[in-house]
file structure_27.cif (mmCIF, C-alpha atoms and all ligand atoms)
data_final
loop_
_atom_site.group_PDB
_atom_site.id
_atom_site.type_symbol
_atom_site.label_atom_id
_atom_site.label_comp_id
_atom_site.auth_asym_id
_atom_site.auth_seq_id
_atom_site.Cartn_x
_atom_site.Cartn_y
_atom_site.Cartn_z
ATOM 1 C CA MET Z 5 2.385 18.976 -9.865
ATOM 2 C CA SER Z 6 -1.237 18.383 -9.125
ATOM 3 C CA VAL Z 7 -3.967 19.684 -6.915
ATOM 4 C CA ALA Z 8 -7.359 18.215 -6.092
ATOM 5 C CA LEU Z 9 -10.375 19.172 -4.028
ATOM 6 C CA ARG Z 10 -11.922 16.484 -1.857
ATOM 7 C CA PHE Z 11 -15.491 16.494 -0.536
ATOM 8 C CA ARG Z 12 -17.065 13.872 1.706
ATOM 9 C CA ARG Z 13 -20.788 13.427 2.330
ATOM 10 C CA ARG Z 14 -22.718 10.943 4.422
ATOM 11 C CA PHE Z 15 -25.993 9.344 3.417
ATOM 12 C CA SER Z 16 -28.174 6.430 4.500
ATOM 13 C CA MET Z 17 -29.432 3.930 2.005
ATOM 14 C CA ALA Z 18 -31.176 0.594 1.622
ATOM 15 C CA HIS Z 19 -30.612 -1.988 -1.048
ATOM 16 C CA ARG Z 20 -30.691 -5.644 -1.821
ATOM 17 C CA LEU Z 21 -28.776 -7.824 -4.241
ATOM 18 C CA ALA Z 22 -31.277 -9.936 -6.140
ATOM 19 C CA SER Z 23 -29.121 -11.781 -8.669
ATOM 20 C CA GLY Z 24 -28.230 -14.579 -6.267
ATOM 21 C CA SER Z 25 -24.585 -13.612 -5.981
ATOM 22 C CA SER Z 26 -24.963 -13.104 -2.237
ATOM 23 C CA LEU Z 27 -27.705 -14.851 -0.281
ATOM 24 C CA LYS Z 28 -27.111 -12.715 2.768
ATOM 25 C CA CYS Z 29 -27.516 -9.516 0.788
ATOM 26 C CA ALA Z 30 -30.749 -10.657 -0.873
ATOM 27 C CA THR Z 31 -32.689 -9.434 2.165
ATOM 28 C CA PRO Z 32 -33.265 -5.664 2.047
ATOM 29 C CA HIS Z 33 -30.887 -3.952 4.453
ATOM 30 C CA GLY Z 34 -29.185 -0.622 4.862
ATOM 31 C CA HIS Z 35 -25.856 1.089 5.296
ATOM 32 C CA ASP Z 36 -24.707 4.500 6.394
ATOM 33 C CA GLU Z 37 -22.280 5.357 3.637
ATOM 34 C CA TYR Z 38 -19.854 8.114 2.823
ATOM 35 C CA VAL Z 39 -19.215 9.245 -0.700
ATOM 36 C CA VAL Z 40 -15.910 11.025 -1.255
ATOM 37 C CA VAL Z 41 -15.170 12.812 -4.510
ATOM 38 C CA GLU Z 42 -11.751 14.087 -5.514
ATOM 39 C CA LEU Z 43 -11.938 16.763 -8.183
ATOM 40 C CA GLU Z 44 -9.040 18.122 -10.190
ATOM 41 C CA PRO Z 45 -8.835 21.083 -12.535
ATOM 42 C CA GLN Z 46 -9.074 20.220 -16.196
ATOM 43 C CA ASP Z 47 -6.125 22.497 -16.800
ATOM 44 C CA HIS Z 48 -3.462 22.641 -14.160
ATOM 45 C CA GLY Z 49 -1.920 26.035 -13.736
ATOM 46 C CA ARG Z 50 -0.313 28.321 -11.225
ATOM 47 C CA LEU Z 51 -2.478 29.838 -8.488
ATOM 48 C CA ASP Z 52 -3.028 33.385 -9.671
ATOM 49 C CA GLY Z 53 -1.577 35.298 -6.744
ATOM 50 C CA GLU Z 54 -4.930 36.972 -6.116
ATOM 51 C CA ALA Z 55 -7.868 34.681 -5.371
ATOM 52 C CA ASN Z 56 -5.596 31.599 -5.196
ATOM 53 C CA MET Z 57 -8.318 29.043 -5.559
ATOM 54 C CA VAL Z 58 -9.106 26.381 -8.116
ATOM 55 C CA VAL Z 59 -12.880 26.833 -7.914
ATOM 56 C CA GLU Z 60 -14.958 28.201 -5.084
ATOM 57 C CA PHE Z 61 -15.773 25.193 -2.852
ATOM 58 C CA ALA Z 62 -19.492 25.972 -2.723
ATOM 59 C CA ARG Z 63 -19.618 26.010 -6.523
ATOM 60 C CA ALA Z 64 -17.696 22.755 -6.819
ATOM 61 C CA LYS Z 65 -19.794 20.776 -4.353
ATOM 62 C CA GLY Z 66 -23.147 22.589 -4.027
ATOM 63 C CA ARG Z 67 -25.270 20.804 -6.599
ATOM 64 C CA TRP Z 68 -23.543 17.488 -6.039
ATOM 65 C CA HIS Z 69 -24.227 17.488 -2.306
ATOM 66 C CA ARG Z 70 -27.798 18.605 -2.910
ATOM 67 C CA PHE Z 71 -28.227 15.524 -5.095
ATOM 68 C CA VAL Z 72 -26.748 13.323 -2.362
ATOM 69 C CA ASP Z 73 -28.980 14.857 0.328
ATOM 70 C CA GLU Z 74 -32.218 15.048 -1.586
ATOM 71 C CA ARG Z 75 -32.119 12.022 -3.871
ATOM 72 C CA LEU Z 76 -29.600 9.508 -2.590
ATOM 73 C CA ASP Z 77 -30.099 9.838 1.149
ATOM 74 C CA HIS Z 78 -32.740 7.401 2.432
ATOM 75 C CA GLY Z 79 -33.107 6.009 -1.077
ATOM 76 C CA PHE Z 80 -33.893 2.378 -1.773
ATOM 77 C CA GLN Z 81 -31.498 1.034 -4.402
ATOM 78 C CA LEU Z 82 -32.996 -1.708 -6.544
ATOM 79 C CA GLY Z 83 -31.939 -3.473 -9.730
ATOM 80 C CA GLU Z 84 -34.229 -2.793 -12.681
ATOM 81 C CA ARG Z 85 -35.223 -6.461 -12.943
ATOM 82 C CA ASP Z 86 -35.862 -6.905 -9.215
ATOM 83 C CA PRO Z 87 -39.533 -7.910 -8.703
ATOM 84 C CA LEU Z 88 -39.604 -5.629 -5.655
ATOM 85 C CA LEU Z 89 -39.306 -2.651 -7.999
ATOM 86 C CA ALA Z 90 -42.770 -3.118 -9.558
ATOM 87 C CA LEU Z 91 -44.207 -3.659 -6.098
ATOM 88 C CA ALA Z 92 -42.587 -0.490 -4.781
ATOM 89 C CA ARG Z 93 -43.784 1.594 -7.741
ATOM 90 C CA GLU Z 94 -47.328 0.291 -7.401
ATOM 91 C CA HIS Z 95 -47.773 0.515 -3.652
ATOM 92 C CA PHE Z 96 -45.226 3.022 -2.413
ATOM 93 C CA PRO Z 97 -45.087 5.901 -4.911
ATOM 94 C CA ASP Z 98 -43.466 8.152 -2.300
ATOM 95 C CA TRP Z 99 -40.424 5.959 -1.818
ATOM 96 C CA ARG Z 100 -37.166 7.415 -2.997
ATOM 97 C CA LEU Z 101 -35.970 4.812 -5.506
ATOM 98 C CA VAL Z 102 -32.566 4.464 -7.112
ATOM 99 C CA VAL Z 103 -32.778 2.020 -10.016
ATOM 100 C CA THR Z 104 -29.680 0.339 -11.378
ATOM 101 C CA PRO Z 105 -28.857 -1.918 -14.354
ATOM 102 C CA GLY Z 106 -28.434 -5.154 -12.409
ATOM 103 C CA ASP Z 107 -27.693 -5.404 -8.713
ATOM 104 C CA PRO Z 108 -27.012 -2.121 -6.878
ATOM 105 C CA THR Z 109 -23.610 -3.165 -5.602
ATOM 106 C CA THR Z 110 -21.144 -0.694 -4.153
ATOM 107 C CA GLU Z 111 -18.957 -1.167 -7.260
ATOM 108 C CA LEU Z 112 -21.791 -0.209 -9.590
ATOM 109 C CA MET Z 113 -22.987 2.669 -7.429
ATOM 110 C CA ALA Z 114 -19.473 4.091 -7.218
ATOM 111 C CA ALA Z 115 -19.247 4.186 -11.024
ATOM 112 C CA CYS Z 116 -22.785 5.601 -11.370
ATOM 113 C CA LEU Z 117 -22.092 8.322 -8.805
ATOM 114 C CA ALA Z 118 -18.789 9.290 -10.402
ATOM 115 C CA ALA Z 119 -20.601 9.682 -13.738
ATOM 116 C CA LYS Z 120 -23.423 11.664 -12.101
ATOM 117 C CA CYS Z 121 -21.016 13.996 -10.348
ATOM 118 C CA GLN Z 122 -19.145 14.607 -13.608
ATOM 119 C CA ALA Z 123 -22.407 15.253 -15.476
ATOM 120 C CA ILE Z 124 -23.420 17.823 -12.846
ATOM 121 C CA LEU Z 125 -20.022 19.562 -12.943
ATOM 122 C CA ASP Z 126 -20.071 19.701 -16.742
ATOM 123 C CA ASP Z 127 -23.590 21.097 -16.740
ATOM 124 C CA GLU Z 128 -22.649 23.697 -14.146
ATOM 125 C CA GLY Z 129 -19.718 24.785 -16.298
ATOM 126 C CA VAL Z 130 -17.262 23.985 -13.519
ATOM 127 C CA VAL Z 131 -13.954 23.017 -15.114
ATOM 128 C CA LEU Z 132 -13.225 20.136 -12.771
ATOM 129 C CA ARG Z 133 -12.825 16.463 -13.512
ATOM 130 C CA VAL Z 134 -13.710 13.624 -11.123
ATOM 131 C CA ARG Z 135 -10.283 12.124 -10.518
ATOM 132 C CA ARG Z 136 -11.453 9.528 -8.028
ATOM 133 C CA LEU Z 137 -14.628 8.583 -6.178
ATOM 134 C CA THR Z 138 -14.619 6.470 -3.034
ATOM 135 C CA LEU Z 139 -17.808 4.908 -1.762
ATOM 136 C CA GLU Z 140 -17.395 3.774 1.836
ATOM 137 C CA GLU Z 141 -20.051 1.146 2.436
ATOM 138 C CA THR Z 142 -18.959 0.444 5.999
ATOM 139 C CA PRO Z 143 -16.137 1.848 8.120
ATOM 140 C CA THR Z 144 -13.934 -0.983 6.806
ATOM 141 C CA ASN Z 145 -15.121 -1.611 3.215
ATOM 142 C CA ALA Z 146 -14.913 0.821 0.340
ATOM 143 C CA VAL Z 147 -14.855 0.827 -3.438
ATOM 144 C CA VAL Z 148 -12.656 3.280 -5.326
ATOM 145 C CA VAL Z 149 -13.167 4.190 -8.968
ATOM 146 C CA GLU Z 150 -10.788 6.371 -10.942
ATOM 147 C CA GLY Z 151 -9.651 6.927 -14.486
ATOM 148 C CA ASP Z 152 -12.224 6.037 -17.112
ATOM 149 C CA PHE Z 153 -14.999 5.153 -14.648
ATOM 150 C CA ARG Z 154 -17.672 5.403 -17.356
ATOM 151 C CA ALA Z 155 -16.136 2.320 -18.988
ATOM 152 C CA LEU Z 156 -17.210 0.328 -15.919
ATOM 153 C CA LEU Z 157 -20.884 1.033 -16.424
ATOM 154 C CA PRO Z 158 -23.056 -1.659 -18.027
ATOM 155 C CA ARG Z 159 -24.661 1.077 -20.167
ATOM 156 C CA ALA Z 160 -23.450 4.528 -21.141
ATOM 157 C CA ASP Z 161 -26.799 6.253 -20.699
ATOM 158 C CA GLY Z 162 -29.080 6.400 -17.701
ATOM 159 C CA TRP Z 163 -29.785 8.679 -14.757
ATOM 160 C CA TRP Z 164 -26.035 8.644 -14.036
ATOM 161 C CA SER Z 165 -25.309 10.399 -17.336
ATOM 162 C CA ARG Z 166 -27.945 13.111 -16.820
ATOM 163 C CA PRO Z 167 -27.100 16.297 -14.921
ATOM 164 C CA ASP Z 168 -30.409 16.380 -13.052
ATOM 165 C CA GLU Z 169 -32.101 14.965 -9.954
ATOM 166 C CA SER Z 170 -33.116 11.705 -11.619
ATOM 167 C CA THR Z 171 -32.234 8.345 -10.087
ATOM 168 C CA GLU Z 172 -34.394 6.103 -12.282
HETATM 169 ZN ZN ZN L 201 -25.474 -4.135 1.625
#
call {"tool": "encode", "arguments": {"input": "structure_27.cif", "output": "structure tokens"}}
result
Amino acid sequence: MSVALRFRRRFSMAHRLASGSSLKCATPHGHDEYVVVELEPQDHGRLDGEANMVVEFARAKGRWHRFVDERLDHGFQLGERDPLLALAREHFPDWRLVVTPGDPTTELMAACLAAKCQAILDDEGVVLRVRRLTLEETPTNAVVVEGDFRALLPRADGWWSRPDESTE
């Protein structure tokens, strides 16, 4: 027996992969992505015969989607050692930056976003766990993280572990 809530949100982003792993992706470019979170109750139980809901949907997704809309959407994802980062900070202080430990690949972002969503839920006191997060980079390519997604992260602490609006 299990039940999960699933929420999907679209956002536009730009990034580049600077480590040399992909020459094509070294040029800044963008994607329209969808992030899908699947949330499950920390304690499974019977629906109560009254309200019959796990958690009110607005409470489960409100802060998370606000983060996606206001911080992730139209953000420029850059690795912390990318020379473009210093340039952006110096000349374009209004840019929405998302800074990652190493290249901002879809794999890394999926793990970061799963951690961020969990941090927000925990802070909100919503007793839901991120069971799975899917980051759809294109209509045909996606990365799925589930289980102990924090173990995927290069570092435990960063903006992804903080339940706030930070992305750097
Ligand atoms: Zn790309």
call {"tool": "closest_residue", "arguments": {"input": "structure_27.cif", "among": "Z:Asn56, Z:Gln46, Z:Thr144, Z:Thr31", "to": "ligand ZN 201 (chain L)", "atoms": "all atoms listed in the file"}}
result
Z:Thr31
call {"tool": "resolve_selection", "arguments": {"input": "structure_27.cif", "expression": "the PyMOL selection byres (((chain Z and resi 94-103) around 8) and not hetatm)", "output": "PDB file with C-alpha atoms, in the coordinates of the input"}}
result
ATOM      1  CA  ARG Z  75     -32.119  12.022  -3.871  1.00  0.00           C
ATOM      2  CA  LEU Z  76     -29.600   9.508  -2.590  1.00  0.00           C
ATOM      3  CA  HIS Z  78     -32.740   7.401   2.432  1.00  0.00           C
ATOM      4  CA  GLY Z  79     -33.107   6.009  -1.077  1.00  0.00           C
ATOM      5  CA  PHE Z  80     -33.893   2.378  -1.773  1.00  0.00           C
ATOM      6  CA  GLN Z  81     -31.498   1.034  -4.402  1.00  0.00           C
ATOM      7  CA  LEU Z  82     -32.996  -1.708  -6.544  1.00  0.00           C
ATOM      8  CA  GLY Z  83     -31.939  -3.473  -9.730  1.00  0.00           C
ATOM      9  CA  GLU Z  84     -34.229  -2.793 -12.681  1.00  0.00           C
ATOM     10  CA  ALA Z  90     -42.770  -3.118  -9.558  1.00  0.00           C
ATOM     11  CA  LEU Z  91     -44.207  -3.659  -6.098  1.00  0.00           C
ATOM     12  CA  ALA Z  92     -42.587  -0.490  -4.781  1.00  0.00           C
ATOM     13  CA  ARG Z  93     -43.784   1.594  -7.741  1.00  0.00           C
ATOM     14  CA  THR Z 104     -29.680   0.339 -11.378  1.00  0.00           C
ATOM     15  CA  PRO Z 105     -28.857  -1.918 -14.354  1.00  0.00           C
ATOM     16  CA  PRO Z 108     -27.012  -2.121  -6.878  1.00  0.00           C
ATOM     17  CA  THR Z 171     -32.234   8.345 -10.087  1.00  0.00           C
ATOM     18  CA  GLU Z 172     -34.394   6.103 -12.282  1.00  0.00           C
TER      19      GLU Z 172
END
call {"tool": "resolve_selection", "arguments": {"input": "structure_27.cif", "expression": "the PyMOL selection byres (((chain Z and resi 167) around 9) and not hetatm)", "output": "list in words"}}
result
Lys120, Cys121, Gln122, Ala123, Ile124, Leu125, Asp126, Asp127, Glu128, Trp163, Trp164, Ser165, Arg166, Asp168, Glu169 and Ser170 of chain Z
call {"tool": "residues_near_ligand", "arguments": {"input": "structure_27.cif", "ligand": "ligand ZN 201 (chain L)", "cutoff": "12 Å", "atoms": "only C-alpha atoms and all ligand atoms", "output": "ChimeraX atom specification"}}
result
/Z:16-22,26-37,80-82,107-111,113,140-142,145-146
call {"tool": "atom_distance", "arguments": {"input": "structure_27.cif", "atom1": "CA of Ala114 (chain Z)", "atom2": "CA of Asp86 (chain Z)"}}
result
19.8 Å
call {"tool": "atom_distance", "arguments": {"input": "structure_27.cif", "atom1": "CA of Ala118 (chain Z)", "atom2": "CA of Arg14 (chain Z)"}}
result
15.4 Å
call {"tool": "atom_distance", "arguments": {"input": "structure_27.cif", "atom1": "CA of Thr138 (chain Z)", "atom2": "CA of Val41 (chain Z)"}}
result
6.5 Å
call {"tool": "resolve_selection", "arguments": {"input": "structure_27.cif", "expression": "the PyMOL selection byres (((chain Z and resi 69) around 12) and not hetatm)", "output": "PDB file with C-alpha atoms, keeping the file's coordinate frame"}}
result
ATOM      1  CA  PHE Z  11     -15.491  16.494  -0.536  1.00  0.00           C
ATOM      2  CA  ARG Z  12     -17.065  13.872   1.706  1.00  0.00           C
ATOM      3  CA  ARG Z  13     -20.788  13.427   2.330  1.00  0.00           C
ATOM      4  CA  ARG Z  14     -22.718  10.943   4.422  1.00  0.00           C
ATOM      5  CA  PHE Z  15     -25.993   9.344   3.417  1.00  0.00           C
ATOM      6  CA  TYR Z  38     -19.854   8.114   2.823  1.00  0.00           C
ATOM      7  CA  VAL Z  39     -19.215   9.245  -0.700  1.00  0.00           C
ATOM      8  CA  VAL Z  40     -15.910  11.025  -1.255  1.00  0.00           C
ATOM      9  CA  VAL Z  41     -15.170  12.812  -4.510  1.00  0.00           C
ATOM     10  CA  PHE Z  61     -15.773  25.193  -2.852  1.00  0.00           C
ATOM     11  CA  ALA Z  62     -19.492  25.972  -2.723  1.00  0.00           C
ATOM     12  CA  ARG Z  63     -19.618  26.010  -6.523  1.00  0.00           C
ATOM     13  CA  ALA Z  64     -17.696  22.755  -6.819  1.00  0.00           C
ATOM     14  CA  LYS Z  65     -19.794  20.776  -4.353  1.00  0.00           C
ATOM     15  CA  GLY Z  66     -23.147  22.589  -4.027  1.00  0.00           C
ATOM     16  CA  ARG Z  67     -25.270  20.804  -6.599  1.00  0.00           C
ATOM     17  CA  TRP Z  68     -23.543  17.488  -6.039  1.00  0.00           C
ATOM     18  CA  ARG Z  70     -27.798  18.605  -2.910  1.00  0.00           C
ATOM     19  CA  PHE Z  71     -28.227  15.524  -5.095  1.00  0.00           C
ATOM     20  CA  VAL Z  72     -26.748  13.323  -2.362  1.00  0.00           C
ATOM     21  CA  ASP Z  73     -28.980  14.857   0.328  1.00  0.00           C
ATOM     22  CA  GLU Z  74     -32.218  15.048  -1.586  1.00  0.00           C
ATOM     23  CA  ARG Z  75     -32.119  12.022  -3.871  1.00  0.00           C
ATOM     24  CA  LEU Z  76     -29.600   9.508  -2.590  1.00  0.00           C
ATOM     25  CA  ASP Z  77     -30.099   9.838   1.149  1.00  0.00           C
ATOM     26  CA  LEU Z 117     -22.092   8.322  -8.805  1.00  0.00           C
ATOM     27  CA  LYS Z 120     -23.423  11.664 -12.101  1.00  0.00           C
ATOM     28  CA  CYS Z 121     -21.016  13.996 -10.348  1.00  0.00           C
ATOM     29  CA  ILE Z 124     -23.420  17.823 -12.846  1.00  0.00           C
ATOM     30  CA  LEU Z 125     -20.022  19.562 -12.943  1.00  0.00           C
ATOM     31  CA  GLU Z 169     -32.101  14.965  -9.954  1.00  0.00           C
TER      32      GLU Z 169
END
call {"tool": "closest_residue", "arguments": {"input": "structure_27.cif", "among": "Z:Leu43, Z:Ala119, Z:Leu88, Z:Val130", "to": "Arg154 (chain Z)", "atoms": "only C-alpha atoms"}}
result
Z:Ala119
call {"tool": "residues_around", "arguments": {"input": "structure_27.cif", "residues": "Pro45 (chain Z)", "least_positions_apart": "5", "cutoff": "7 Å", "atoms": "only C-alpha atoms", "output": "VMD selection string"}}
result
chain Z and resid 58 131 to 133
call {"tool": "write_last_selection", "arguments": {"input": "structure_27.cif", "atoms": "C-alpha atoms", "output": "short mmCIF file (atom, residue, chain, number, x, y, z; two decimals), keeping the file's coordinate frame"}}
result
data_model
loop_
_atom_site.label_atom_id
_atom_site.label_comp_id
_atom_site.auth_asym_id
_atom_site.auth_seq_id
_atom_site.Cartn_x
_atom_site.Cartn_y
_atom_site.Cartn_z
CA VAL Z 58 -9.11 26.38 -8.12
CA VAL Z 131 -13.95 23.02 -15.11
CA LEU Z 132 -13.22 20.14 -12.77
CA ARG Z 133 -12.82 16.46 -13.51
#
call {"tool": "closest_residue", "arguments": {"input": "structure_27.cif", "among": "Z:Val59, Z:Leu137, Z:Ala8, Z:Ala115", "to": "Pro158 (chain Z)", "atoms": "only C-alpha atoms"}}
result
Z:Ala115
call {"tool": "build_atoms", "arguments": {"input": "structure_27.cif", "residues": "region 7-18 of chain Z", "atoms": "all heavy atoms", "output": "PDB file, keeping the file's coordinate frame"}}
result
ATOM      1  N   VAL Z   7      -3.167  19.225  -8.042  1.00  0.00           N
ATOM      2  CA  VAL Z   7      -3.967  19.684  -6.915  1.00  0.00           C
ATOM      3  C   VAL Z   7      -5.359  19.095  -7.105  1.00  0.00           C
ATOM      4  O   VAL Z   7      -5.801  18.891  -8.234  1.00  0.00           O
ATOM      5  CB  VAL Z   7      -4.001  21.237  -6.860  1.00  0.00           C
ATOM      6  CG1 VAL Z   7      -4.611  21.825  -8.109  1.00  0.00           C
ATOM      7  CG2 VAL Z   7      -4.746  21.729  -5.627  1.00  0.00           C
ATOM      8  N   ALA Z   8      -6.001  18.744  -6.000  1.00  0.00           N
ATOM      9  CA  ALA Z   8      -7.359  18.215  -6.092  1.00  0.00           C
ATOM     10  C   ALA Z   8      -8.169  18.720  -4.910  1.00  0.00           C
ATOM     11  O   ALA Z   8      -7.603  19.022  -3.850  1.00  0.00           O
ATOM     12  CB  ALA Z   8      -7.335  16.684  -6.119  1.00  0.00           C
ATOM     13  N   LEU Z   9      -9.459  18.832  -5.113  1.00  0.00           N
ATOM     14  CA  LEU Z   9     -10.375  19.172  -4.028  1.00  0.00           C
ATOM     15  C   LEU Z   9     -11.073  17.884  -3.609  1.00  0.00           C
ATOM     16  O   LEU Z   9     -11.414  17.070  -4.468  1.00  0.00           O
ATOM     17  CB  LEU Z   9     -11.423  20.183  -4.505  1.00  0.00           C
ATOM     18  CG  LEU Z   9     -10.916  21.416  -5.253  1.00  0.00           C
ATOM     19  CD1 LEU Z   9     -12.106  22.315  -5.621  1.00  0.00           C
ATOM     20  CD2 LEU Z   9      -9.910  22.185  -4.420  1.00  0.00           C
ATOM     21  N   ARG Z  10     -11.264  17.717  -2.314  1.00  0.00           N
ATOM     22  CA  ARG Z  10     -11.922  16.484  -1.857  1.00  0.00           C
ATOM     23  C   ARG Z  10     -13.109  16.838  -0.979  1.00  0.00           C
ATOM     24  O   ARG Z  10     -12.982  17.620  -0.031  1.00  0.00           O
ATOM     25  CB  ARG Z  10     -10.939  15.612  -1.085  1.00  0.00           C
ATOM     26  CG  ARG Z  10     -11.528  14.248  -0.740  1.00  0.00           C
ATOM     27  CD  ARG Z  10     -10.498  13.313  -0.159  1.00  0.00           C
ATOM     28  NE  ARG Z  10     -10.035  13.822   1.118  1.00  0.00           N
ATOM     29  CZ  ARG Z  10      -8.975  13.357   1.776  1.00  0.00           C
ATOM     30  NH1 ARG Z  10      -8.246  12.384   1.261  1.00  0.00           N
ATOM     31  NH2 ARG Z  10      -8.626  13.870   2.926  1.00  0.00           N
ATOM     32  N   PHE Z  11     -14.263  16.238  -1.296  1.00  0.00           N
ATOM     33  CA  PHE Z  11     -15.491  16.494  -0.536  1.00  0.00           C
ATOM     34  C   PHE Z  11     -16.107  15.162  -0.113  1.00  0.00           C
ATOM     35  O   PHE Z  11     -16.215  14.236  -0.919  1.00  0.00           O
ATOM     36  CB  PHE Z  11     -16.502  17.279  -1.382  1.00  0.00           C
ATOM     37  CG  PHE Z  11     -15.969  18.598  -1.867  1.00  0.00           C
ATOM     38  CD1 PHE Z  11     -15.709  18.806  -3.213  1.00  0.00           C
ATOM     39  CD2 PHE Z  11     -15.700  19.629  -0.971  1.00  0.00           C
ATOM     40  CE1 PHE Z  11     -15.218  20.023  -3.671  1.00  0.00           C
ATOM     41  CE2 PHE Z  11     -15.199  20.845  -1.415  1.00  0.00           C
ATOM     42  CZ  PHE Z  11     -14.957  21.047  -2.770  1.00  0.00           C
ATOM     43  N   ARG Z  12     -16.531  15.113   1.143  1.00  0.00           N
ATOM     44  CA  ARG Z  12     -17.065  13.872   1.706  1.00  0.00           C
ATOM     45  C   ARG Z  12     -18.482  14.145   2.184  1.00  0.00           C
ATOM     46  O   ARG Z  12     -18.741  15.174   2.807  1.00  0.00           O
ATOM     47  CB  ARG Z  12     -16.183  13.499   2.903  1.00  0.00           C
ATOM     48  CG  ARG Z  12     -16.363  12.132   3.474  1.00  0.00           C
ATOM     49  CD  ARG Z  12     -15.122  11.812   4.313  1.00  0.00           C
ATOM     50  NE  ARG Z  12     -15.117  10.430   4.759  1.00  0.00           N
ATOM     51  CZ  ARG Z  12     -15.377  10.075   6.009  1.00  0.00           C
ATOM     52  NH1 ARG Z  12     -15.665  10.982   6.932  1.00  0.00           N
ATOM     53  NH2 ARG Z  12     -15.360   8.791   6.345  1.00  0.00           N
ATOM     54  N   ARG Z  13     -19.402  13.251   1.912  1.00  0.00           N
ATOM     55  CA  ARG Z  13     -20.788  13.427   2.330  1.00  0.00           C
ATOM     56  C   ARG Z  13     -21.348  12.100   2.801  1.00  0.00           C
ATOM     57  O   ARG Z  13     -21.118  11.071   2.185  1.00  0.00           O
ATOM     58  CB  ARG Z  13     -21.613  13.928   1.139  1.00  0.00           C
ATOM     59  CG  ARG Z  13     -22.926  14.580   1.526  1.00  0.00           C
ATOM     60  CD  ARG Z  13     -22.707  15.917   2.169  1.00  0.00           C
ATOM     61  NE  ARG Z  13     -23.895  16.750   2.202  1.00  0.00           N
ATOM     62  CZ  ARG Z  13     -23.928  17.954   2.746  1.00  0.00           C
ATOM     63  NH1 ARG Z  13     -22.840  18.474   3.294  1.00  0.00           N
ATOM     64  NH2 ARG Z  13     -25.041  18.672   2.745  1.00  0.00           N
ATOM     65  N   ARG Z  14     -22.114  12.164   3.876  1.00  0.00           N
ATOM     66  CA  ARG Z  14     -22.718  10.943   4.422  1.00  0.00           C
ATOM     67  C   ARG Z  14     -24.164  10.811   3.946  1.00  0.00           C
ATOM     68  O   ARG Z  14     -24.868  11.803   3.806  1.00  0.00           O
ATOM     69  CB  ARG Z  14     -22.695  11.024   5.942  1.00  0.00           C
ATOM     70  CG  ARG Z  14     -23.237   9.785   6.606  1.00  0.00           C
ATOM     71  CD  ARG Z  14     -23.256   9.963   8.107  1.00  0.00           C
ATOM     72  NE  ARG Z  14     -24.246   9.038   8.649  1.00  0.00           N
ATOM     73  CZ  ARG Z  14     -24.357   8.747   9.929  1.00  0.00           C
ATOM     74  NH1 ARG Z  14     -23.579   9.303  10.814  1.00  0.00           N
ATOM     75  NH2 ARG Z  14     -25.266   7.893  10.329  1.00  0.00           N
ATOM     76  N   PHE Z  15     -24.580   9.592   3.714  1.00  0.00           N
ATOM     77  CA  PHE Z  15     -25.993   9.344   3.417  1.00  0.00           C
ATOM     78  C   PHE Z  15     -26.363   7.939   3.880  1.00  0.00           C
ATOM     79  O   PHE Z  15     -25.503   7.073   4.050  1.00  0.00           O
ATOM     80  CB  PHE Z  15     -26.303   9.523   1.921  1.00  0.00           C
ATOM     81  CG  PHE Z  15     -25.616   8.521   1.015  1.00  0.00           C
ATOM     82  CD1 PHE Z  15     -26.306   7.422   0.533  1.00  0.00           C
ATOM     83  CD2 PHE Z  15     -24.293   8.689   0.642  1.00  0.00           C
ATOM     84  CE1 PHE Z  15     -25.685   6.491  -0.305  1.00  0.00           C
ATOM     85  CE2 PHE Z  15     -23.662   7.769  -0.194  1.00  0.00           C
ATOM     86  CZ  PHE Z  15     -24.363   6.677  -0.662  1.00  0.00           C
ATOM     87  N   SER Z  16     -27.659   7.757   4.126  1.00  0.00           N
ATOM     88  CA  SER Z  16     -28.174   6.430   4.500  1.00  0.00           C
ATOM     89  C   SER Z  16     -28.884   5.848   3.299  1.00  0.00           C
ATOM     90  O   SER Z  16     -29.502   6.575   2.530  1.00  0.00           O
ATOM     91  CB  SER Z  16     -29.165   6.548   5.662  1.00  0.00           C
ATOM     92  OG  SER Z  16     -28.538   7.125   6.776  1.00  0.00           O
ATOM     93  N   MET Z  17     -28.774   4.567   3.140  1.00  0.00           N
ATOM     94  CA  MET Z  17     -29.432   3.930   2.005  1.00  0.00           C
ATOM     95  C   MET Z  17     -29.885   2.526   2.365  1.00  0.00           C
ATOM     96  O   MET Z  17     -29.451   1.963   3.359  1.00  0.00           O
ATOM     97  CB  MET Z  17     -28.486   3.889   0.786  1.00  0.00           C
ATOM     98  CG  MET Z  17     -27.110   3.300   1.027  1.00  0.00           C
ATOM     99  SD  MET Z  17     -27.103   1.508   1.326  1.00  0.00           S
ATOM    100  CE  MET Z  17     -26.771   0.903  -0.322  1.00  0.00           C
ATOM    101  N   ALA Z  18     -30.790   1.998   1.538  1.00  0.00           N
ATOM    102  CA  ALA Z  18     -31.176   0.594   1.622  1.00  0.00           C
ATOM    103  C   ALA Z  18     -30.970  -0.019   0.250  1.00  0.00           C
ATOM    104  O   ALA Z  18     -31.012   0.690  -0.757  1.00  0.00           O
ATOM    105  CB  ALA Z  18     -32.641   0.477   2.040  1.00  0.00           C
TER     106      ALA Z  18
END
